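Heads up, run-v8.cif below (mmCIF, C-alpha atoms):
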data_protein
#
loop_
_atom_site.label_atom_id
_atom_site.label_comp_id
_atom_site.auth_asym_id
_atom_site.auth_seq_id
_atom_site.Cartn_x
_atom_site.Cartn_y
_atom_site.Cartn_z
CA MET A 1 28.59 -2.18 35.19
CA GLY A 2 28.67 -1.41 31.46
CA VAL A 3 25.67 -1.28 29.14
CA ASN A 4 25.77 -2.95 25.74
CA LEU A 5 24.64 -0.28 23.25
CA ASP A 6 24.83 -2.46 20.16
CA PRO A 7 21.38 -1.87 18.53
CA GLY A 8 21.46 -5.35 17.09
CA VAL A 9 21.12 -6.95 20.53
CA LEU A 10 18.54 -4.66 22.12
CA LEU A 11 15.47 -6.76 22.77
CA TYR A 12 12.86 -4.00 22.75
CA PRO A 13 14.04 -0.96 20.79
CA ARG A 14 11.57 1.89 20.43
CA LEU A 15 12.05 1.70 16.64
CA ARG A 16 12.19 -1.77 15.16
CA LYS A 17 14.27 -3.13 12.34
CA SER A 18 12.70 -5.15 9.57
CA PRO A 19 13.88 -8.76 9.11
CA PHE A 20 15.77 -7.53 6.02
CA PHE A 21 17.33 -4.44 7.62
CA TYR A 22 20.94 -5.59 7.62
CA ALA A 23 20.64 -7.07 4.14
CA SER A 24 18.94 -4.13 2.48
CA ARG A 25 21.26 -1.52 4.03
CA GLN A 26 24.24 -3.13 2.27
CA HIS A 27 22.90 -1.68 -0.99
CA GLY A 28 23.45 1.91 0.18
CA VAL A 29 20.23 3.28 1.66
CA GLY A 30 20.00 7.01 0.89
CA MET A 31 17.24 7.82 3.39
CA TYR A 32 15.17 6.05 6.02
CA SER A 33 11.71 6.92 7.22
CA VAL A 34 9.73 5.29 10.02
CA TYR A 35 6.69 3.19 9.13
CA ASN A 36 4.77 1.02 11.57
CA HIS A 37 7.40 1.86 14.22
CA THR A 38 10.04 0.32 11.93
CA TYR A 39 12.95 1.74 9.93
CA HIS A 40 11.96 1.84 6.26
CA PRO A 41 14.38 2.42 3.34
CA ARG A 42 12.90 5.42 1.51
CA HIS A 43 15.32 5.36 -1.42
CA TYR A 44 18.88 4.42 -2.37
CA GLY A 45 20.10 7.78 -3.61
CA ASP A 46 18.32 8.26 -6.94
CA PRO A 47 14.50 7.97 -6.84
CA VAL A 48 14.17 8.79 -10.54
CA GLY A 49 16.70 6.10 -11.45
CA GLU A 50 14.76 3.67 -9.26
CA TYR A 51 11.58 4.62 -11.14
CA TRP A 52 13.13 3.66 -14.48
CA ALA A 53 14.58 0.45 -13.02
CA LEU A 54 11.06 -0.52 -11.94
CA LEU A 55 9.53 0.27 -15.35
CA GLU A 56 12.23 -1.40 -17.43
CA GLY A 57 13.69 -4.24 -15.38
CA VAL A 58 13.19 -5.91 -12.02
CA THR A 59 13.48 -4.48 -8.52
CA LEU A 60 13.65 -5.74 -4.94
CA TRP A 61 12.11 -3.85 -2.01
CA ASP A 62 12.44 -4.28 1.73
CA VAL A 63 8.81 -3.99 2.85
CA GLY A 64 9.24 -5.74 6.17
CA VAL A 65 7.51 -2.69 7.65
CA GLU A 66 4.22 -4.13 6.34
CA ARG A 67 3.28 -5.75 9.62
CA GLN A 68 0.76 -8.57 9.45
CA VAL A 69 -2.32 -8.85 11.63
CA GLU A 70 -3.16 -12.53 11.71
CA ILE A 71 -6.74 -13.52 12.56
CA THR A 72 -7.56 -17.15 13.26
CA GLY A 73 -10.08 -19.16 15.27
CA PRO A 74 -13.72 -20.30 14.93
CA ASP A 75 -15.05 -16.73 14.57
CA ALA A 76 -12.24 -15.48 12.33
CA PHE A 77 -14.35 -15.07 9.20
CA GLU A 78 -17.20 -13.32 11.01
CA PHE A 79 -14.78 -11.03 12.83
CA THR A 80 -12.72 -10.12 9.76
CA ASN A 81 -15.86 -9.52 7.70
CA MET A 82 -16.96 -7.11 10.42
CA LEU A 83 -13.70 -5.14 10.21
CA VAL A 84 -13.97 -4.22 6.53
CA PRO A 85 -16.76 -2.88 4.29
CA ARG A 86 -16.00 -5.34 1.45
CA ASP A 87 -18.12 -8.48 1.37
CA LEU A 88 -15.64 -11.25 2.19
CA THR A 89 -18.10 -13.99 1.21
CA LYS A 90 -16.80 -13.08 -2.26
CA CYS A 91 -13.17 -13.71 -1.24
CA LYS A 92 -11.99 -17.26 -1.92
CA VAL A 93 -9.36 -19.09 0.08
CA GLY A 94 -6.07 -18.19 -1.60
CA GLN A 95 -7.37 -14.84 -2.81
CA CYS A 96 -6.17 -11.34 -1.84
CA LYS A 97 -8.29 -8.18 -1.62
CA TYR A 98 -7.51 -4.50 -1.20
CA VAL A 99 -9.71 -3.40 1.70
CA PHE A 100 -10.41 -0.53 4.07
CA VAL A 101 -10.61 -1.00 7.82
CA THR A 102 -13.27 1.49 8.89
CA GLY A 103 -14.11 2.99 12.26
CA THR A 104 -17.57 3.49 13.68
CA ASP A 105 -17.72 6.94 12.06
CA GLY A 106 -16.80 5.51 8.65
CA GLY A 107 -13.25 6.87 8.72
CA ILE A 108 -10.47 4.83 7.10
CA LEU A 109 -8.24 3.42 9.86
CA ASN A 110 -6.05 1.51 7.40
CA ASP A 111 -6.07 0.22 3.82
CA PRO A 112 -4.32 -3.15 3.94
CA VAL A 113 -4.14 -5.96 1.46
CA LEU A 114 -6.11 -8.85 2.93
CA LEU A 115 -4.91 -12.41 2.30
CA ARG A 116 -7.33 -15.26 2.93
CA LEU A 117 -5.11 -18.24 3.74
CA GLY A 118 -7.88 -20.54 5.01
CA GLU A 119 -11.59 -20.60 5.78
CA ASN A 120 -10.84 -18.99 9.15
CA HIS A 121 -7.31 -17.71 8.56
CA PHE A 122 -6.59 -14.14 7.43
CA TRP A 123 -3.69 -11.74 7.23
CA LEU A 124 -4.07 -7.99 7.00
CA SER A 125 -0.87 -6.63 5.44
CA LEU A 126 -0.94 -3.20 7.00
CA ALA A 127 -0.24 0.33 5.95
CA ASP A 128 1.14 2.64 8.62
CA SER A 129 -1.16 2.49 11.67
CA ASP A 130 -1.77 0.41 14.78
CA VAL A 131 -4.64 -1.78 13.59
CA LEU A 132 -3.28 -4.70 15.59
CA LEU A 133 -4.30 -2.95 18.81
CA TRP A 134 -7.67 -1.95 17.32
CA ALA A 135 -8.43 -5.53 16.29
CA LYS A 136 -7.33 -7.00 19.61
CA ALA A 137 -9.52 -4.58 21.53
CA LEU A 138 -12.56 -5.26 19.34
CA ALA A 139 -12.18 -9.01 19.60
CA HIS A 140 -11.95 -8.79 23.38
CA GLY A 141 -14.79 -6.31 23.75
CA LEU A 142 -17.13 -8.32 21.54
CA GLY A 143 -16.20 -11.63 23.18
CA MET A 144 -15.43 -13.28 19.84
CA ASN A 145 -13.60 -16.59 19.64
CA VAL A 146 -10.61 -15.40 17.64
CA ASP A 147 -6.86 -15.14 18.06
CA VAL A 148 -5.48 -11.81 16.86
CA ARG A 149 -1.70 -11.50 16.79
CA GLU A 150 1.32 -10.35 14.81
CA PRO A 151 3.07 -13.39 13.34
CA ASP A 152 6.80 -13.59 12.68
CA VAL A 153 6.27 -12.81 9.00
CA GLY A 154 8.12 -10.34 6.79
CA PRO A 155 7.39 -9.49 3.13
CA VAL A 156 9.63 -8.35 0.31
CA GLN A 157 8.48 -7.22 -3.11
CA VAL A 158 9.89 -8.29 -6.47
CA GLN A 159 8.44 -5.87 -9.01
CA GLY A 160 8.88 -4.93 -12.65
CA PRO A 161 8.44 -6.46 -16.13
CA LYS A 162 11.24 -8.97 -15.55
CA SER A 163 9.98 -10.05 -12.12
CA GLY A 164 8.49 -13.25 -13.52
CA GLU A 165 11.90 -14.37 -14.76
CA VAL A 166 13.44 -13.98 -11.31
CA MET A 167 10.50 -15.69 -9.62
CA ALA A 168 10.67 -18.61 -12.05
CA ASP A 169 14.36 -19.08 -11.28
CA LEU A 170 13.52 -19.10 -7.56
CA PHE A 171 10.38 -21.25 -7.50
CA GLY A 172 10.04 -22.88 -10.91
CA GLU A 173 7.81 -22.06 -13.86
CA SER A 174 4.60 -22.93 -11.99
CA ILE A 175 4.90 -19.73 -9.97
CA LEU A 176 3.97 -17.83 -13.12
CA ASP A 177 0.48 -19.33 -13.02
CA ILE A 178 -0.58 -17.33 -9.94
CA PRO A 179 -3.47 -15.08 -11.01
CA TYR A 180 -3.49 -11.39 -10.16
CA TYR A 181 -4.33 -10.88 -6.47
CA TYR A 182 -4.00 -14.54 -5.49
CA ALA A 183 -1.47 -16.22 -3.21
CA VAL A 184 0.11 -19.68 -2.86
CA GLN A 185 2.31 -21.45 -0.31
CA ARG A 186 5.81 -22.38 -1.40
CA GLU A 187 9.13 -23.54 0.05
CA LEU A 188 12.49 -22.05 -0.88
CA ALA A 189 15.69 -23.67 0.41
CA GLY A 190 13.82 -24.93 3.47
CA MET A 191 12.13 -21.57 4.12
CA GLN A 192 8.33 -21.46 4.21
CA VAL A 193 6.80 -18.55 2.27
CA ILE A 194 3.54 -17.24 0.88
CA VAL A 195 3.89 -15.79 -2.65
CA SER A 196 1.24 -13.34 -3.84
CA ARG A 197 0.72 -11.60 -7.16
CA THR A 198 0.44 -8.15 -5.57
CA GLY A 199 2.53 -5.01 -5.09
CA TYR A 200 2.63 -1.26 -4.52
CA THR A 201 3.51 -0.39 -8.12
CA ALA A 202 0.74 -1.33 -10.59
CA GLU A 203 3.53 -3.08 -12.47
CA LEU A 204 3.88 -6.82 -12.93
CA GLY A 205 5.10 -8.05 -9.57
CA TYR A 206 5.08 -10.38 -6.60
CA GLU A 207 5.33 -10.26 -2.84
CA ILE A 208 7.10 -12.98 -0.87
CA TYR A 209 5.92 -13.30 2.75
CA LEU A 210 8.52 -15.14 4.81
CA HIS A 211 7.60 -17.22 7.85
CA HIS A 212 10.17 -17.15 10.72
CA ALA A 213 11.32 -13.86 9.23
CA SER A 214 13.34 -12.79 12.26
CA ARG A 215 15.47 -15.89 11.76
CA ASP A 216 15.62 -16.22 7.97
CA GLY A 217 15.24 -12.66 6.65
CA VAL A 218 18.82 -12.18 5.50
CA ARG A 219 18.92 -15.67 4.01
CA LEU A 220 15.82 -15.01 1.91
CA TRP A 221 17.15 -11.65 0.76
CA ASP A 222 20.45 -13.20 -0.31
CA ALA A 223 18.65 -15.97 -2.22
CA ILE A 224 16.53 -13.44 -4.15
CA TRP A 225 19.57 -11.26 -4.85
CA GLU A 226 21.55 -14.22 -6.18
CA ALA A 227 18.68 -15.26 -8.47
CA GLY A 228 18.10 -11.69 -9.60
CA GLU A 229 21.64 -10.57 -10.41
CA PRO A 230 21.69 -12.24 -13.86
CA HIS A 231 18.48 -10.33 -14.66
CA GLY A 232 19.81 -6.95 -13.53
CA LEU A 233 17.94 -6.86 -10.22
CA THR A 234 18.03 -3.43 -8.56
CA VAL A 235 17.22 -2.67 -4.91
CA ILE A 236 14.90 0.33 -4.55
CA GLY A 237 12.54 2.00 -2.09
CA PRO A 238 8.81 2.63 -2.49
CA CYS A 239 8.34 4.27 -5.89
CA HIS A 240 5.92 7.08 -5.15
CA ILE A 241 6.12 8.40 -8.70
CA ARG A 242 4.74 5.13 -10.04
CA ARG A 243 2.09 4.65 -7.37
CA ILE A 244 0.78 8.19 -7.97
CA GLU A 245 0.64 7.53 -11.72
CA ALA A 246 -1.34 4.39 -10.93
CA GLY A 247 -3.86 5.93 -8.54
CA ILE A 248 -2.54 4.00 -5.53
CA LEU A 249 -3.22 5.79 -2.24
CA SER A 250 -0.89 6.29 0.71
CA TRP A 251 -2.46 6.04 4.16
CA GLY A 252 -1.37 9.00 6.26
CA CYS A 253 -1.07 11.25 3.20
CA ASP A 254 -4.03 10.78 0.84
CA ILE A 255 -6.33 9.10 3.35
CA THR A 256 -6.45 9.06 7.15
CA ALA A 257 -8.87 8.17 9.92
CA GLU A 258 -10.52 11.53 9.15
CA THR A 259 -11.25 10.47 5.55
CA ASN A 260 -14.18 8.26 4.58
CA PRO A 261 -14.25 6.02 1.49
CA PHE A 262 -16.72 8.25 -0.37
CA GLU A 263 -14.38 11.23 -0.05
CA ALA A 264 -11.51 9.05 -1.29
CA GLY A 265 -13.37 8.06 -4.45
CA TYR A 266 -14.44 4.63 -3.25
CA GLY A 267 -18.08 3.91 -2.51
CA PHE A 268 -19.98 5.97 -5.07
CA GLU A 269 -17.89 4.76 -8.01
CA LYS A 270 -16.36 1.53 -6.68
CA THR A 271 -19.27 0.05 -4.78
CA TRP A 272 -17.53 -3.28 -4.16
CA MET A 273 -15.18 -1.52 -1.72
CA VAL A 274 -18.13 -0.35 0.41
CA ASP A 275 -20.88 -2.94 0.05
CA LEU A 276 -23.79 -1.48 1.99
CA ASP A 277 -26.14 -4.21 0.73
CA GLN A 278 -24.24 -7.12 2.24
CA GLU A 279 -25.68 -9.02 5.17
CA ALA A 280 -22.70 -8.43 7.47
CA ASP A 281 -23.04 -5.53 9.89
CA PHE A 282 -19.50 -4.20 9.53
CA LEU A 283 -18.14 -1.39 11.68
CA GLY A 284 -19.12 1.98 10.27
CA LYS A 285 -21.96 0.62 8.15
CA GLU A 286 -24.62 2.97 9.50
CA ALA A 287 -22.30 5.96 9.32
CA LEU A 288 -21.39 5.17 5.72
CA ARG A 289 -25.05 4.71 4.79
CA ARG A 290 -25.74 8.16 6.16
CA ILE A 291 -22.73 9.65 4.36
CA LYS A 292 -23.84 8.11 1.07
CA GLN A 293 -27.35 9.49 1.49
CA GLU A 294 -26.25 12.98 2.54
CA GLY A 295 -23.28 13.24 0.20
CA VAL A 296 -19.81 14.56 0.93
CA GLY A 297 -18.44 18.07 1.04
CA ARG A 298 -14.98 17.28 -0.29
CA LYS A 299 -13.31 14.81 -2.69
CA LEU A 300 -9.87 13.41 -3.40
CA VAL A 301 -9.10 14.22 -7.04
CA GLY A 302 -6.23 13.91 -9.43
CA VAL A 303 -4.33 17.08 -10.29
CA ARG A 304 -1.72 18.21 -12.80
CA ILE A 305 0.50 21.08 -11.70
CA ASP A 306 2.25 23.28 -14.26
CA GLY A 307 5.71 24.72 -13.84
CA PRO A 308 8.95 23.42 -12.32
CA SER A 309 9.28 19.98 -10.78
CA VAL A 310 7.84 19.42 -7.30
CA GLY A 311 10.32 16.56 -6.84
CA SER A 312 10.26 12.78 -6.86
CA PHE A 313 7.87 12.78 -3.91
CA ASN A 314 6.13 15.52 -1.97
CA ASP A 315 3.72 14.48 0.76
CA GLY A 316 1.78 17.71 0.40
CA ALA A 317 2.88 19.22 3.68
CA MET A 318 3.79 22.52 1.99
CA ILE A 319 1.36 22.48 -0.94
CA ASP A 320 -2.01 24.26 -0.63
CA PHE A 321 -4.81 24.91 -3.12
CA PHE A 322 -6.40 28.25 -3.89
CA ASP A 323 -9.18 29.32 -6.22
CA VAL A 324 -7.73 30.39 -9.56
CA HIS A 325 -9.65 33.66 -9.25
CA ASP A 326 -8.23 34.35 -5.76
CA PRO A 327 -4.74 32.81 -5.69
CA HIS A 328 -3.69 34.64 -2.53
CA GLY A 329 -7.02 34.46 -0.73
CA LEU A 330 -8.72 31.72 1.22
CA ARG A 331 -7.02 28.32 1.18
CA ILE A 332 -9.55 25.80 -0.15
CA GLY A 333 -7.66 22.50 -0.05
CA GLU A 334 -4.35 20.69 -0.14
CA VAL A 335 -2.28 18.43 -2.31
CA THR A 336 -1.91 15.18 -0.37
CA SER A 337 0.78 13.60 -2.59
CA ALA A 338 2.63 14.86 -5.64
CA ALA A 339 5.60 13.97 -7.82
CA ARG A 340 7.16 14.76 -11.17
CA SER A 341 6.39 11.95 -13.60
CA PRO A 342 9.35 11.56 -15.97
CA ARG A 343 7.41 9.82 -18.74
CA LEU A 344 4.43 12.18 -18.53
CA ASP A 345 6.83 15.11 -18.15
CA ALA A 346 4.37 16.64 -15.70
CA ASN A 347 3.77 17.21 -12.01
CA ILE A 348 0.93 14.95 -10.91
CA GLY A 349 -0.72 14.24 -7.61
CA TYR A 350 -3.84 13.95 -5.52
CA ALA A 351 -5.67 16.81 -3.85
CA MET A 352 -8.48 17.03 -1.34
CA VAL A 353 -10.77 19.80 -2.57
CA PRO A 354 -14.30 21.07 -1.87
CA ILE A 355 -16.89 19.18 -3.90
CA ALA A 356 -17.51 22.26 -6.07
CA TYR A 357 -13.96 21.89 -7.45
CA GLN A 358 -14.04 18.16 -8.23
CA GLU A 359 -14.78 18.22 -11.97
CA PRO A 360 -11.89 17.48 -14.37
CA GLY A 361 -10.74 20.65 -16.04
CA THR A 362 -11.32 22.85 -12.99
CA GLU A 363 -8.47 25.34 -12.76
CA LEU A 364 -6.72 26.03 -9.48
CA VAL A 365 -3.57 27.62 -8.12
CA VAL A 366 -1.18 25.53 -6.05
CA HIS A 367 1.39 27.08 -3.76
CA THR A 368 4.41 24.78 -4.00
CA GLN A 369 8.00 25.12 -2.83
CA HIS A 370 8.48 27.30 -5.94
CA GLY A 371 5.58 29.64 -5.21
CA PRO A 372 2.17 29.83 -6.99
CA GLN A 373 1.77 27.38 -9.91
CA GLN A 374 -1.22 26.83 -12.17
CA ALA A 375 -3.00 23.49 -11.79
CA VAL A 376 -5.96 21.63 -13.21
CA VAL A 377 -8.12 18.82 -11.81
CA SER A 378 -7.56 15.59 -13.78
CA GLU A 379 -8.91 12.08 -13.96
CA LYS A 380 -7.03 9.46 -11.93
CA PRO A 381 -5.29 7.16 -12.36
CA PHE A 382 -3.02 8.98 -14.75
CA LEU A 383 -1.92 5.78 -16.52
CA ASP A 384 -3.38 2.31 -17.20
CA PRO A 385 -6.83 2.79 -15.59
CA THR A 386 -7.86 -0.84 -16.19
CA LYS A 387 -4.62 -2.20 -14.64
CA ASP A 388 -3.69 -4.20 -17.72
CA ILE A 389 0.02 -3.97 -16.85
CA PRO A 390 -0.04 -5.90 -13.53
CA LYS A 391 -2.72 -8.30 -14.79
CA ARG A 392 -0.79 -9.42 -17.83
CA LEU A 393 0.25 -13.04 -18.11
CA THR A 394 3.80 -13.78 -17.07
CA ARG A 395 4.22 -16.46 -19.70
CA SER A 396 2.52 -17.28 -22.96
CA ALA A 397 -0.45 -19.62 -22.94
#
As structure tokens, how would this structure be written, given the file I've shared?
Amino acid sequence: MGVNLDPGVLLYPRLRKSPFFYASRQHGVGMYSVYNHTYHPRHYGDPVGEYWALLEGVTLWDVGVERQVEITGPDAFEFTNMLVPRDLTKCKVGQCKYVFVTGTDGGILNDPVLLRLGENHFWLSLADSDVLLWAKALAHGLGMNVDVREPDVGPVQVQGPKSGEVMADLFGESILDIPYYYAVQRELAGMQVIVSRTGYTAELGYEIYLHHASRDGVRLWDAIWEAGEPHGLTVIGPCHIRRIEAGILSWGCDITAETNPFEAGYGFEKTWMVDLDQEADFLGKEALRRIKQEGVGRKLVGVRIDGPSVGSFNDGAMIDFFDVHDPHGLRIGEVTSAARSPRLDANIGYAMVPIAYQEPGTELVVHTQHGPQQAVVSEKPFLDPTKDIPKRLTRSA
């Protein structure tokens, strides 16, 4: 008896395909990675060209790898508020929040975007880790009256200064009234979607979350492509150059379950991300109180690296920090993400360093793929610290 090896008909492949897999691959994927157990288009052959397309035009991304954890039921608000150290009493229905999911030791298990779709209806749009299993286990162990599941939802991103024009052609001019980090329900050619004013770029942009994504993924992609072609729409992968410029973190590189928010630069400076004064007893609260009181021994900082380009994206696997006075001695830290910024004409990135090296202007030596290179600790983000670019109005008042 023969076995059908067509990957398109396997019911339970070890690696999944996003709802937009067959549509996005038609644009010539240059490299895939695996993210949330799902094939993820890394780039389409020219990451620097994709960077400029994002800055100057409008781009479309397959981000179906951003799996959703849906939390509903009578205890949904209480349960979700327990998962994250932000105070969700300050999150309105229809609002989105960048949040950490913290463990009992205060470590960052994930850094999703949270969407509040109803009083007791939440999505966590995940970075790369199995928070679905974590949330299911907690809900069961605590006996809370919630339903935790992964819905048949897939997002795409439409990002760049001309993204509003494409979105208006798709949904009408009213779509341009969505405030930054808010979401609305819409229908497109019979497809039910949630549209949010969010994205992984710090550029003007939107995410479209498609219901029944396994059925309608290709149809949605084709509709966006058709609307975008007159505006020069380009299909790209995640633009790590731009997210590093913007101070956006990557879970698994810059932060992990072994990193706490205070080490990552959230908590001391950005107290709304870790609200220790709120009434809710979120997971990790006591650990984070202790960490805040005792202080941290290391810090994630920005860094500029002199010398030749480290590439369009380096996840830091081969880049270590050394004291400038002992460049071949004891390793003191690591670059977690780095890239060559074309418009800054500089290598920039994030580095986890001992607290004694955290001050801007501190000189270091970085061992890159080119050998030792001089580096200096810098403020982050490297561009647009107040996020004026993504907050700007998409049409005149």
- What is the atom CA of Ala202 of chain A-atom CA of Leu83 of chain A distance in Å, reported with one decimal? 25.6 Å
- Note on the structure: Students should find that atom CA of Arg215 of chain A and atom CA of Val146 of chain A are spaced 26.7 Å
- Message: Counting all atoms listed in the file, which residues sit no farther than 12 Å from the position (19.8, -7.1, -15.1) in the file's frame? I'd like them as number ranges by chain.
- Response: A: 53-54, 56-60, 160-163, 165-166, 225-235
Can you spell out as an mmCIF file with C-alpha atoms, in the frame of the given file the set of residues that the PyMOL selection byres ((chain A and resi 252-256) around 12) selects in the structure I just provided?
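Result saved to expr_1.cif:
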data_model
loop_
_atom_site.group_PDB
_atom_site.id
_atom_site.type_symbol
_atom_site.label_atom_id
_atom_site.label_comp_id
_atom_site.auth_asym_id
_atom_site.auth_seq_id
_atom_site.Cartn_x
_atom_site.Cartn_y
_atom_site.Cartn_z
ATOM 1 C CA TYR A 35 6.690 3.190 9.130
ATOM 2 C CA ASN A 36 4.770 1.020 11.570
ATOM 3 C CA PHE A 100 -10.410 -0.530 4.070
ATOM 4 C CA VAL A 101 -10.610 -1.000 7.820
ATOM 5 C CA THR A 102 -13.270 1.490 8.890
ATOM 6 C CA GLY A 103 -14.110 2.990 12.260
ATOM 7 C CA GLY A 106 -16.800 5.510 8.650
ATOM 8 C CA GLY A 107 -13.250 6.870 8.720
ATOM 9 C CA ILE A 108 -10.470 4.830 7.100
ATOM 10 C CA LEU A 109 -8.240 3.420 9.860
ATOM 11 C CA ASN A 110 -6.050 1.510 7.400
ATOM 12 C CA ASP A 111 -6.070 0.220 3.820
ATOM 13 C CA ALA A 127 -0.240 0.330 5.950
ATOM 14 C CA ASP A 128 1.140 2.640 8.620
ATOM 15 C CA SER A 129 -1.160 2.490 11.670
ATOM 16 C CA HIS A 240 5.920 7.080 -5.150
ATOM 17 C CA ARG A 243 2.090 4.650 -7.370
ATOM 18 C CA ILE A 244 0.780 8.190 -7.970
ATOM 19 C CA GLY A 247 -3.860 5.930 -8.540
ATOM 20 C CA ILE A 248 -2.540 4.000 -5.530
ATOM 21 C CA LEU A 249 -3.220 5.790 -2.240
ATOM 22 C CA SER A 250 -0.890 6.290 0.710
ATOM 23 C CA TRP A 251 -2.460 6.040 4.160
ATOM 24 C CA ALA A 257 -8.870 8.170 9.920
ATOM 25 C CA GLU A 258 -10.520 11.530 9.150
ATOM 26 C CA THR A 259 -11.250 10.470 5.550
ATOM 27 C CA ASN A 260 -14.180 8.260 4.580
ATOM 28 C CA PRO A 261 -14.250 6.020 1.490
ATOM 29 C CA PHE A 262 -16.720 8.250 -0.370
ATOM 30 C CA GLU A 263 -14.380 11.230 -0.050
ATOM 31 C CA ALA A 264 -11.510 9.050 -1.290
ATOM 32 C CA GLY A 265 -13.370 8.060 -4.450
ATOM 33 C CA TYR A 266 -14.440 4.630 -3.250
ATOM 34 C CA LYS A 299 -13.310 14.810 -2.690
ATOM 35 C CA LEU A 300 -9.870 13.410 -3.400
ATOM 36 C CA VAL A 301 -9.100 14.220 -7.040
ATOM 37 C CA GLY A 302 -6.230 13.910 -9.430
ATOM 38 C CA PHE A 313 7.870 12.780 -3.910
ATOM 39 C CA ASN A 314 6.130 15.520 -1.970
ATOM 40 C CA ASP A 315 3.720 14.480 0.760
ATOM 41 C CA GLY A 316 1.780 17.710 0.400
ATOM 42 C CA ALA A 317 2.880 19.220 3.680
ATOM 43 C CA GLU A 334 -4.350 20.690 -0.140
ATOM 44 C CA VAL A 335 -2.280 18.430 -2.310
ATOM 45 C CA THR A 336 -1.910 15.180 -0.370
ATOM 46 C CA SER A 337 0.780 13.600 -2.590
ATOM 47 C CA ALA A 338 2.630 14.860 -5.640
ATOM 48 C CA GLY A 349 -0.720 14.240 -7.610
ATOM 49 C CA TYR A 350 -3.840 13.950 -5.520
ATOM 50 C CA ALA A 351 -5.670 16.810 -3.850
ATOM 51 C CA MET A 352 -8.480 17.030 -1.340
ATOM 52 C CA VAL A 353 -10.770 19.800 -2.570
#
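If you look at atom CA of His40 of chain A and atom CA of Arg86 of chain A, they are 29.3 Å away from each other.
For the set A:Val29, A:Val274, A:Cys91, A:Val184, the residue with the smallest atom-to-atom gap to Arg289 of chain A is A:Val274, counting all atoms listed in the file.
By chain and then residue number, the residues within 10 Å of Gly311 of chain A are Pro47, Val48, Ile241, Pro308, Asn314, Ala338, Ala339, Arg340, Ser341, Asn347 and Gln369 of chain A, counting only C-alpha atoms and disregarding those fewer than 3 positions away in sequence.
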Next, write the just-selected residues to a file, as an mmCIF file, keeping the file's coordinate frame, keeping C-alpha atoms as the atom set.
data_model
loop_
_atom_site.group_PDB
_atom_site.id
_atom_site.type_symbol
_atom_site.label_atom_id
_atom_site.label_comp_id
_atom_site.auth_asym_id
_atom_site.auth_seq_id
_atom_site.Cartn_x
_atom_site.Cartn_y
_atom_site.Cartn_z
ATOM 1 C CA PRO A 47 14.500 7.970 -6.840
ATOM 2 C CA VAL A 48 14.170 8.790 -10.540
ATOM 3 C CA ILE A 241 6.120 8.400 -8.700
ATOM 4 C CA PRO A 308 8.950 23.420 -12.320
ATOM 5 C CA ASN A 314 6.130 15.520 -1.970
ATOM 6 C CA ALA A 338 2.630 14.860 -5.640
ATOM 7 C CA ALA A 339 5.600 13.970 -7.820
ATOM 8 C CA ARG A 340 7.160 14.760 -11.170
ATOM 9 C CA SER A 341 6.390 11.950 -13.600
ATOM 10 C CA ASN A 347 3.770 17.210 -12.010
ATOM 11 C CA GLN A 369 8.000 25.120 -2.830
#
